[in-house]
file target-v8.cif (mmCIF, C-alpha atoms)
data_start
loop_
_atom_site.label_atom_id
_atom_site.label_comp_id
_atom_site.auth_asym_id
_atom_site.auth_seq_id
_atom_site.Cartn_x
_atom_site.Cartn_y
_atom_site.Cartn_z
CA MET A 1 -48.93 -14.18 4.07
CA VAL A 2 -51.23 -11.75 5.88
CA ARG A 3 -52.27 -12.95 9.30
CA THR A 4 -55.20 -11.68 11.38
CA ASN A 5 -55.12 -11.51 15.17
CA HIS A 6 -57.72 -9.60 17.18
CA ARG A 7 -58.40 -7.24 14.28
CA LEU A 8 -54.67 -6.68 13.65
CA LEU A 9 -53.25 -7.26 10.17
CA THR A 10 -49.51 -7.88 9.78
CA ILE A 11 -48.78 -5.91 6.64
CA GLU A 12 -45.03 -5.31 6.59
CA THR A 13 -41.66 -5.96 8.20
CA GLY A 14 -38.76 -3.58 7.84
CA LYS A 15 -35.55 -2.11 9.19
CA THR A 16 -34.48 1.41 10.07
CA ILE A 17 -31.35 3.14 11.39
CA LEU A 18 -31.82 4.83 14.77
CA ALA A 19 -28.84 6.65 16.28
CA GLY A 20 -26.46 4.55 14.21
CA GLN A 21 -28.10 1.22 15.12
CA THR A 22 -30.17 -1.06 12.88
CA VAL A 23 -33.62 -1.81 14.28
CA SER A 24 -35.99 -4.42 12.81
CA TYR A 25 -39.73 -3.94 13.23
CA THR A 26 -43.12 -5.37 12.29
CA VAL A 27 -46.03 -3.18 11.18
CA LYS A 28 -49.59 -4.19 12.08
CA ARG A 29 -52.72 -2.33 11.04
CA SER A 30 -55.51 -1.98 13.58
CA PHE A 31 -59.13 -1.23 12.74
CA ARG A 32 -59.69 0.17 16.23
CA ALA A 33 -56.54 2.21 16.84
CA ARG A 34 -56.77 5.99 16.52
CA TYR A 35 -53.05 6.70 16.84
CA ILE A 36 -49.74 5.00 16.05
CA ARG A 37 -48.69 2.73 18.93
CA LEU A 38 -45.23 1.26 19.56
CA GLU A 39 -44.81 -2.02 21.43
CA VAL A 40 -41.59 -3.78 22.47
CA CYS A 41 -41.37 -7.26 23.91
CA ARG A 42 -38.64 -9.86 24.36
CA GLU A 43 -40.03 -12.37 21.87
CA THR A 44 -40.95 -10.17 18.91
CA GLY A 45 -38.91 -7.00 19.36
CA LEU A 46 -40.48 -3.78 18.04
CA THR A 47 -44.04 -3.79 16.73
CA VAL A 48 -45.63 -0.68 15.20
CA VAL A 49 -49.43 -0.67 15.38
CA ILE A 50 -50.98 1.83 12.98
CA PRO A 51 -54.59 2.97 12.46
CA ARG A 52 -56.42 2.31 9.21
CA SER A 53 -55.83 5.85 7.93
CA CYS A 54 -52.04 5.87 8.52
CA LYS A 55 -49.73 5.91 5.50
CA LEU A 56 -46.59 3.77 5.69
CA ARG A 57 -44.47 6.68 4.49
CA GLU A 58 -45.16 8.38 7.83
CA LEU A 59 -43.38 5.67 9.85
CA PRO A 60 -39.69 6.68 9.43
CA GLN A 61 -40.34 10.08 10.98
CA VAL A 62 -42.34 8.57 13.85
CA LEU A 63 -39.64 6.00 14.60
CA TRP A 64 -36.94 8.66 14.55
CA ARG A 65 -38.86 10.88 17.01
CA LYS A 66 -39.26 7.90 19.37
CA ARG A 67 -35.74 6.53 18.84
CA HIS A 68 -34.59 7.02 22.45
CA TRP A 69 -37.61 5.20 23.88
CA ILE A 70 -37.27 2.40 21.31
CA LEU A 71 -33.57 1.79 21.99
CA ARG A 72 -34.05 2.03 25.75
CA SER A 73 -36.94 -0.45 25.63
CA LEU A 74 -35.02 -2.92 23.45
CA ALA A 75 -32.01 -2.68 25.80
CA ARG A 76 -34.25 -3.51 28.75
CA TYR A 77 -34.77 -6.95 27.22
CA GLY A 78 -31.09 -7.38 26.41
CA ASN A 79 -31.84 -6.74 22.75
CA VAL A 80 -29.68 -3.75 21.90
CA PRO A 81 -29.63 -3.77 18.11
CA SER A 82 -26.39 -4.10 16.18
CA ALA A 83 -24.32 -4.49 19.36
CA GLY A 84 -21.05 -6.23 18.64
CA ARG A 85 -21.24 -5.91 14.87
CA GLU A 86 -18.07 -5.00 13.05
CA MET A 87 -17.54 -1.30 12.44
CA LYS A 88 -17.17 -0.26 8.84
CA SER A 89 -16.20 2.82 6.87
CA GLY A 90 -19.16 5.16 6.53
CA ASP A 91 -20.60 4.45 9.99
CA ILE A 92 -21.85 7.49 11.91
CA ILE A 93 -20.66 7.82 15.52
CA PRO A 94 -21.57 10.39 18.20
CA TYR A 95 -18.87 12.76 19.43
CA LEU A 96 -19.70 15.49 21.97
CA ASP A 97 -22.37 17.73 20.40
CA ARG A 98 -22.11 16.32 16.88
CA GLU A 99 -21.85 13.18 14.78
CA LEU A 100 -18.81 11.98 12.83
CA GLU A 101 -18.51 9.83 9.75
CA VAL A 102 -15.87 7.12 10.07
CA VAL A 103 -13.58 7.03 7.02
CA GLU A 104 -11.25 4.03 6.81
CA GLN A 105 -7.91 3.98 4.99
CA ARG A 106 -5.86 0.77 4.89
CA GLY A 107 -2.17 0.27 4.23
CA VAL A 108 -1.42 3.90 5.08
CA GLY A 109 1.43 4.88 7.42
CA LYS A 110 3.52 2.88 9.88
CA ALA A 111 0.99 2.86 12.71
CA ASP A 112 -2.75 2.82 13.29
CA THR A 113 -3.96 6.41 13.65
CA ALA A 114 -7.20 8.37 13.86
CA ASP A 115 -7.50 12.05 12.92
CA LEU A 116 -10.46 14.38 13.22
CA ALA A 117 -11.14 16.38 10.06
CA GLU A 118 -14.26 18.55 10.42
CA ASN A 119 -17.12 16.03 10.71
CA ARG A 120 -15.08 13.01 9.66
CA LEU A 121 -12.87 10.69 11.70
CA VAL A 122 -10.20 9.47 9.29
CA VAL A 123 -8.79 6.15 10.54
CA SER A 124 -5.58 4.91 8.93
CA LEU A 125 -4.90 1.20 9.45
CA LYS A 126 -1.41 -0.10 8.77
CA SER A 127 -2.35 -3.72 8.05
CA ALA A 128 -5.24 -6.05 7.23
CA GLY A 129 -5.16 -7.32 10.81
CA SER A 130 -5.91 -3.92 12.33
CA LYS A 131 -9.41 -3.55 13.78
CA LEU A 132 -11.25 -0.36 12.89
CA GLY A 133 -13.44 -0.44 16.01
CA LEU A 134 -10.47 -0.85 18.35
CA VAL A 135 -8.65 2.12 16.82
CA VAL A 136 -11.78 4.25 17.13
CA GLU A 137 -12.13 3.24 20.80
CA TRP A 138 -8.45 4.10 21.39
CA TRP A 139 -9.10 7.52 19.86
CA TYR A 140 -12.13 8.08 22.11
CA ARG A 141 -10.05 7.15 25.15
CA GLN A 142 -7.30 9.59 24.17
CA GLN A 143 -9.84 12.40 23.75
CA ALA A 144 -11.47 11.53 27.07
CA GLU A 145 -8.13 11.60 28.88
CA LYS A 146 -7.44 15.12 27.62
CA LEU A 147 -10.87 16.71 27.91
CA ILE A 148 -12.10 15.14 31.15
CA ARG A 149 -8.80 15.73 32.98
CA LYS A 150 -8.81 19.36 31.82
CA ARG A 151 -12.39 19.92 33.01
CA ALA A 152 -11.78 18.08 36.29
CA ASP A 153 -8.75 20.28 37.07
CA GLU A 154 -10.69 23.45 36.23
CA LEU A 155 -13.68 22.42 38.31
CA CYS A 156 -11.50 21.32 41.24
CA ALA A 157 -10.14 24.84 41.49
CA ARG A 158 -13.66 26.25 41.36
CA MET A 159 -15.08 23.82 43.94
CA GLY A 160 -12.11 23.84 46.30
CA VAL A 161 -11.42 20.11 46.14
CA ALA A 162 -8.55 17.89 44.96
CA TYR A 163 -8.55 14.33 43.71
CA ALA A 164 -5.79 11.75 44.16
CA ARG A 165 -5.82 10.01 40.76
CA LEU A 166 -7.95 10.16 37.62
CA SER A 167 -8.38 7.26 35.20
CA ILE A 168 -10.39 6.59 32.05
CA ARG A 169 -12.10 3.20 31.89
CA GLY A 170 -14.75 1.30 29.95
CA ALA A 171 -17.35 0.48 32.61
CA ARG A 172 -20.59 -0.93 31.23
CA THR A 173 -23.04 0.73 33.63
CA ARG A 174 -21.28 3.67 35.33
CA TRP A 175 -20.39 7.06 33.90
CA GLY A 176 -18.05 7.91 36.75
CA SER A 177 -17.01 6.97 40.27
CA CYS A 178 -15.16 8.40 43.26
CA SER A 179 -13.41 6.13 45.78
CA GLN A 180 -12.91 6.73 49.49
CA LYS A 181 -9.26 7.52 48.70
CA GLY A 182 -10.26 10.30 46.30
CA ASN A 183 -9.55 8.38 43.09
CA LEU A 184 -11.78 9.34 40.18
CA SER A 185 -12.76 7.12 37.27
CA PHE A 186 -14.68 8.16 34.17
CA ASN A 187 -16.17 6.24 31.28
CA TRP A 188 -14.59 6.93 27.88
CA LYS A 189 -18.09 6.80 26.34
CA LEU A 190 -18.65 10.24 27.85
CA MET A 191 -17.04 11.52 24.67
CA MET A 192 -20.31 10.54 22.98
CA VAL A 193 -22.39 12.99 25.04
CA PRO A 194 -22.73 16.81 25.00
CA GLU A 195 -20.03 18.71 26.89
CA SER A 196 -22.60 20.12 29.33
CA VAL A 197 -23.45 16.55 30.34
CA ILE A 198 -19.76 15.70 30.76
CA ASP A 199 -19.45 18.66 33.12
CA TYR A 200 -22.40 17.37 35.14
CA VAL A 201 -20.79 13.92 35.53
CA VAL A 202 -17.44 15.46 36.53
CA ILE A 203 -19.14 17.82 39.03
CA HIS A 204 -21.12 14.87 40.42
CA GLU A 205 -17.94 12.91 41.18
CA LEU A 206 -16.05 15.94 42.51
CA ALA A 207 -18.93 16.66 44.89
CA HIS A 208 -18.34 13.20 46.36
CA LEU A 209 -14.93 14.45 47.54
CA LYS A 210 -16.91 16.54 50.04
CA GLU A 211 -20.01 14.36 50.48
CA MET A 212 -19.52 10.61 49.93
CA ASN A 213 -23.29 10.07 49.66
CA HIS A 214 -26.35 11.31 47.80
CA SER A 215 -27.76 13.41 50.61
CA ALA A 216 -29.53 16.77 50.24
CA ARG A 217 -26.20 18.48 50.94
CA PHE A 218 -24.59 16.53 48.11
CA TRP A 219 -27.22 17.60 45.58
CA GLN A 220 -26.94 21.19 46.77
CA LEU A 221 -23.23 21.06 45.94
CA VAL A 222 -24.01 19.68 42.49
CA ALA A 223 -26.76 22.24 41.84
CA ARG A 224 -24.49 25.11 42.85
CA GLN A 225 -22.01 24.20 40.12
CA CYS A 226 -24.48 22.78 37.59
CA PRO A 227 -27.94 24.42 37.83
CA ALA A 228 -29.20 22.26 34.93
CA TRP A 229 -28.13 19.00 36.57
CA LEU A 230 -31.64 17.52 36.39
CA ASP A 231 -31.74 18.02 32.62
CA CYS A 232 -28.29 16.46 32.28
CA ARG A 233 -29.24 13.45 34.37
CA ARG A 234 -32.43 13.05 32.33
CA TRP A 235 -30.42 13.21 29.11
CA LEU A 236 -28.18 10.37 30.29
CA ARG A 237 -31.16 8.23 31.25
CA ASN A 238 -32.95 8.86 27.96
CA ASN A 239 -29.84 7.95 25.95
CA GLN A 240 -28.61 5.08 28.12
CA ALA A 241 -29.64 2.37 25.66
CA ARG A 242 -27.92 4.03 22.72
CA LEU A 243 -24.67 4.51 24.62
CA ALA A 244 -24.63 1.43 26.85
CA ALA A 245 -23.64 -0.91 24.04
CA ARG A 246 -19.94 -0.82 23.25
CA LEU A 247 -18.96 0.57 19.87
CA PRO A 248 -18.81 -2.06 17.12
CA GLY A 249 -15.50 -3.91 17.28
#
call {"tool": "encode", "arguments": {"input": "target-v8.cif", "output": "C-alpha cells"}}
result
Amino acid sequence: MVRTNHRLLTIETGKTILAGQTVSYTVKRSFRARYIRLEVCRETGLTVVIPRSCKLRELPQVLWRKRHWILRSLARYGNVPSAGREMKSGDIIPYLDRELEVVEQRGVGKADTADLAENRLVVSLKSAGSKLGLVVEWWYRQQAEKLIRKRADELCARMGVAYARLSIRGARTRWGSCSQKGNLSFNWKLMMVPESVIDYVVIHELAHLKEMNHSARFWQLVARQCPAWLDCRRWLRNNQARLAARLPG
C-alpha cells in the first residue's frame, strides 16, 4: 500500500549488493526534492528520497557511488549488513588491490586448503563439517604473516628501528599497535586493503618505536616515509564500515 507522509510517497523497497554486503532500502518520492537524498537511521535503515523526475533505474549507480558512506552510516548504528552470515561459494572478497571470487570444493584432499588462482580463491574442504569462512580467514592470516612481516623488516632497515616481536591478530577496532616493549601487532584484515595503505599502517607502528605518542615529531617521521599518509588514513576511515565486520563465518 502506498503511504503519504509530508509529501513523501513510499513507492518501493529493495536490496542491493555494496562491497559484498546486502543492503535493504526503502525508496520514497518527494514532490519538493530537487536531488536524490540518502538517509540512514537506527529504526528504518537506509531510505532513498528521490525527486519526481528521477527514474528508478538510476538508483543502483547512485547507491554504488555512495557505498562507503552508506556502509559507514549503517555501521554507526550497529547495523552492518550481512555481518555474521555464512560464506558461500561465489562470494566476492577484497584482497589487496583487487577482488577475489570464492570457489568452494568439498570432499577434495586430506586437509582444508585455500589456493589463489588469478582472481579466484579456490577453497578445498575435506569434510562436510569444515567451515568455508574459517578456512578463508586462515588463508588471510597466512598471507598477512608473510606480507606484513616482509614489509616491516624492509621498513625497519630503512627507518633505523627494530621491533621485538610481530604478531597477526583479529582486533575489531585497531589496524595495528606497538607496545612499550617494542612488540608489534597487526590486524589480518589489512589483507583487504591496498598495499600502499598496509605500508602506511606498518610505518605508523614503526614510528612509535621512536615516538610513543602522536606528537608533531611522530607525524613528521610518518610523513618522511609515507608522504601520502593523509590519503591512506582517509581511505581507512572511509572503508571502516566495510572492513570492520568480520568475514562471514
call {"tool": "resolve_selection", "arguments": {"input": "target-v8.cif", "expression": "the PyMOL selection byres ((chain A and resi 177-179) around 9)", "output": "PyMOL selection string"}}
result
chain A and resi 163+174-176+180-186+204-206+208-209+212
call {"tool": "resolve_selection", "arguments": {"input": "target-v8.cif", "expression": "the PyMOL selection byres ((chain A and resi 226) around 12)", "output": "PyMOL selection string"}}
result
chain A and resi 155+158-159+196-204+206-207+219-225+227-233
call {"tool": "closest_residue", "arguments": {"input": "target-v8.cif", "among": "A:Leu46, A:Leu59, A:Leu243, A:Leu96", "to": "Glu195 in chain A", "atoms": "all atoms listed in the file"}}
result
A:Leu96
call {"tool": "resolve_selection", "arguments": {"input": "target-v8.cif", "expression": "the PyMOL selection byres ((chain A and resi 102) around 10)", "output": "list in words"}}
result
Met87, Lys88, Ser89, Gly90, Asp91, Ile92, Ile93, Glu99, Leu100, Glu101, Val103, Glu104, Gln105, Ala114, Leu116, Asn119, Arg120, Leu121, Val122, Val123, Leu132, Gly133 and Val136 of chain A
call {"tool": "closest_residue", "arguments": {"input": "target-v8.cif", "among": "A:Arg29, A:Arg67, A:His214, A:Arg149", "to": "Pro51 in chain A", "atoms": "only C-alpha atoms"}}
result
A:Arg29
call {"tool": "atom_distance", "arguments": {"input": "target-v8.cif", "atom1": "CA of Val193 in chain A", "atom2": "CA of Pro94 in chain A"}}
result
7.4 Å
call {"tool": "atom_distance", "arguments": {"input": "target-v8.cif", "atom1": "CA of Arg169 in chain A", "atom2": "CA of Glu145 in chain A"}}
result
9.8 Å
call {"tool": "build_atoms", "arguments": {"input": "target-v8.cif", "residues": "range 106-119 of chain A", "atoms": "N, CA and C atoms", "output": "PDB file, in the frame of the given file"}}
result
ATOM      1  N   ARG A 106      -6.722   1.901   4.528  1.00  0.00           N
ATOM      2  CA  ARG A 106      -5.860   0.770   4.890  1.00  0.00           C
ATOM      3  C   ARG A 106      -4.533   0.857   4.155  1.00  0.00           C
ATOM      4  N   GLY A 107      -3.502   0.283   4.817  1.00  0.00           N
ATOM      5  CA  GLY A 107      -2.170   0.270   4.230  1.00  0.00           C
ATOM      6  C   GLY A 107      -1.533   1.639   4.158  1.00  0.00           C
ATOM      7  N   VAL A 108      -1.947   2.533   5.068  1.00  0.00           N
ATOM      8  CA  VAL A 108      -1.420   3.900   5.080  1.00  0.00           C
ATOM      9  C   VAL A 108      -0.623   4.126   6.356  1.00  0.00           C
ATOM     10  N   GLY A 109       0.628   4.554   6.253  1.00  0.00           N
ATOM     11  CA  GLY A 109       1.430   4.880   7.420  1.00  0.00           C
ATOM     12  C   GLY A 109       2.040   3.666   8.093  1.00  0.00           C
ATOM     13  N   LYS A 110       2.821   3.934   9.149  1.00  0.00           N
ATOM     14  CA  LYS A 110       3.520   2.880   9.880  1.00  0.00           C
ATOM     15  C   LYS A 110       2.821   2.489  11.171  1.00  0.00           C
ATOM     16  N   ALA A 111       1.719   3.161  11.477  1.00  0.00           N
ATOM     17  CA  ALA A 111       0.990   2.860  12.710  1.00  0.00           C
ATOM     18  C   ALA A 111      -0.488   3.146  12.493  1.00  0.00           C
ATOM     19  N   ASP A 112      -1.320   2.531  13.325  1.00  0.00           N
ATOM     20  CA  ASP A 112      -2.750   2.820  13.290  1.00  0.00           C
ATOM     21  C   ASP A 112      -2.987   4.204  13.888  1.00  0.00           C
ATOM     22  N   THR A 113      -3.695   5.052  13.175  1.00  0.00           N
ATOM     23  CA  THR A 113      -3.960   6.410  13.650  1.00  0.00           C
ATOM     24  C   THR A 113      -5.400   6.791  13.365  1.00  0.00           C
ATOM     25  N   ALA A 114      -5.876   7.813  14.089  1.00  0.00           N
ATOM     26  CA  ALA A 114      -7.200   8.370  13.860  1.00  0.00           C
ATOM     27  C   ALA A 114      -7.084   9.887  13.960  1.00  0.00           C
ATOM     28  N   ASP A 115      -7.607  10.592  12.963  1.00  0.00           N
ATOM     29  CA  ASP A 115      -7.500  12.050  12.920  1.00  0.00           C
ATOM     30  C   ASP A 115      -8.852  12.664  12.625  1.00  0.00           C
ATOM     31  N   LEU A 116      -9.192  13.680  13.400  1.00  0.00           N
ATOM     32  CA  LEU A 116     -10.460  14.380  13.220  1.00  0.00           C
ATOM     33  C   LEU A 116     -10.297  15.450  12.155  1.00  0.00           C
ATOM     34  N   ALA A 117     -11.165  15.395  11.133  1.00  0.00           N
ATOM     35  CA  ALA A 117     -11.140  16.380  10.060  1.00  0.00           C
ATOM     36  C   ALA A 117     -12.576  16.858   9.839  1.00  0.00           C
ATOM     37  N   GLU A 118     -12.900  18.014  10.440  1.00  0.00           N
ATOM     38  CA  GLU A 118     -14.260  18.550  10.420  1.00  0.00           C
ATOM     39  C   GLU A 118     -15.221  17.512  10.999  1.00  0.00           C
ATOM     40  N   ASN A 119     -16.159  17.009  10.198  1.00  0.00           N
ATOM     41  CA  ASN A 119     -17.120  16.030  10.710  1.00  0.00           C
ATOM     42  C   ASN A 119     -16.795  14.608  10.269  1.00  0.00           C
TER      43      ASN A 119
END
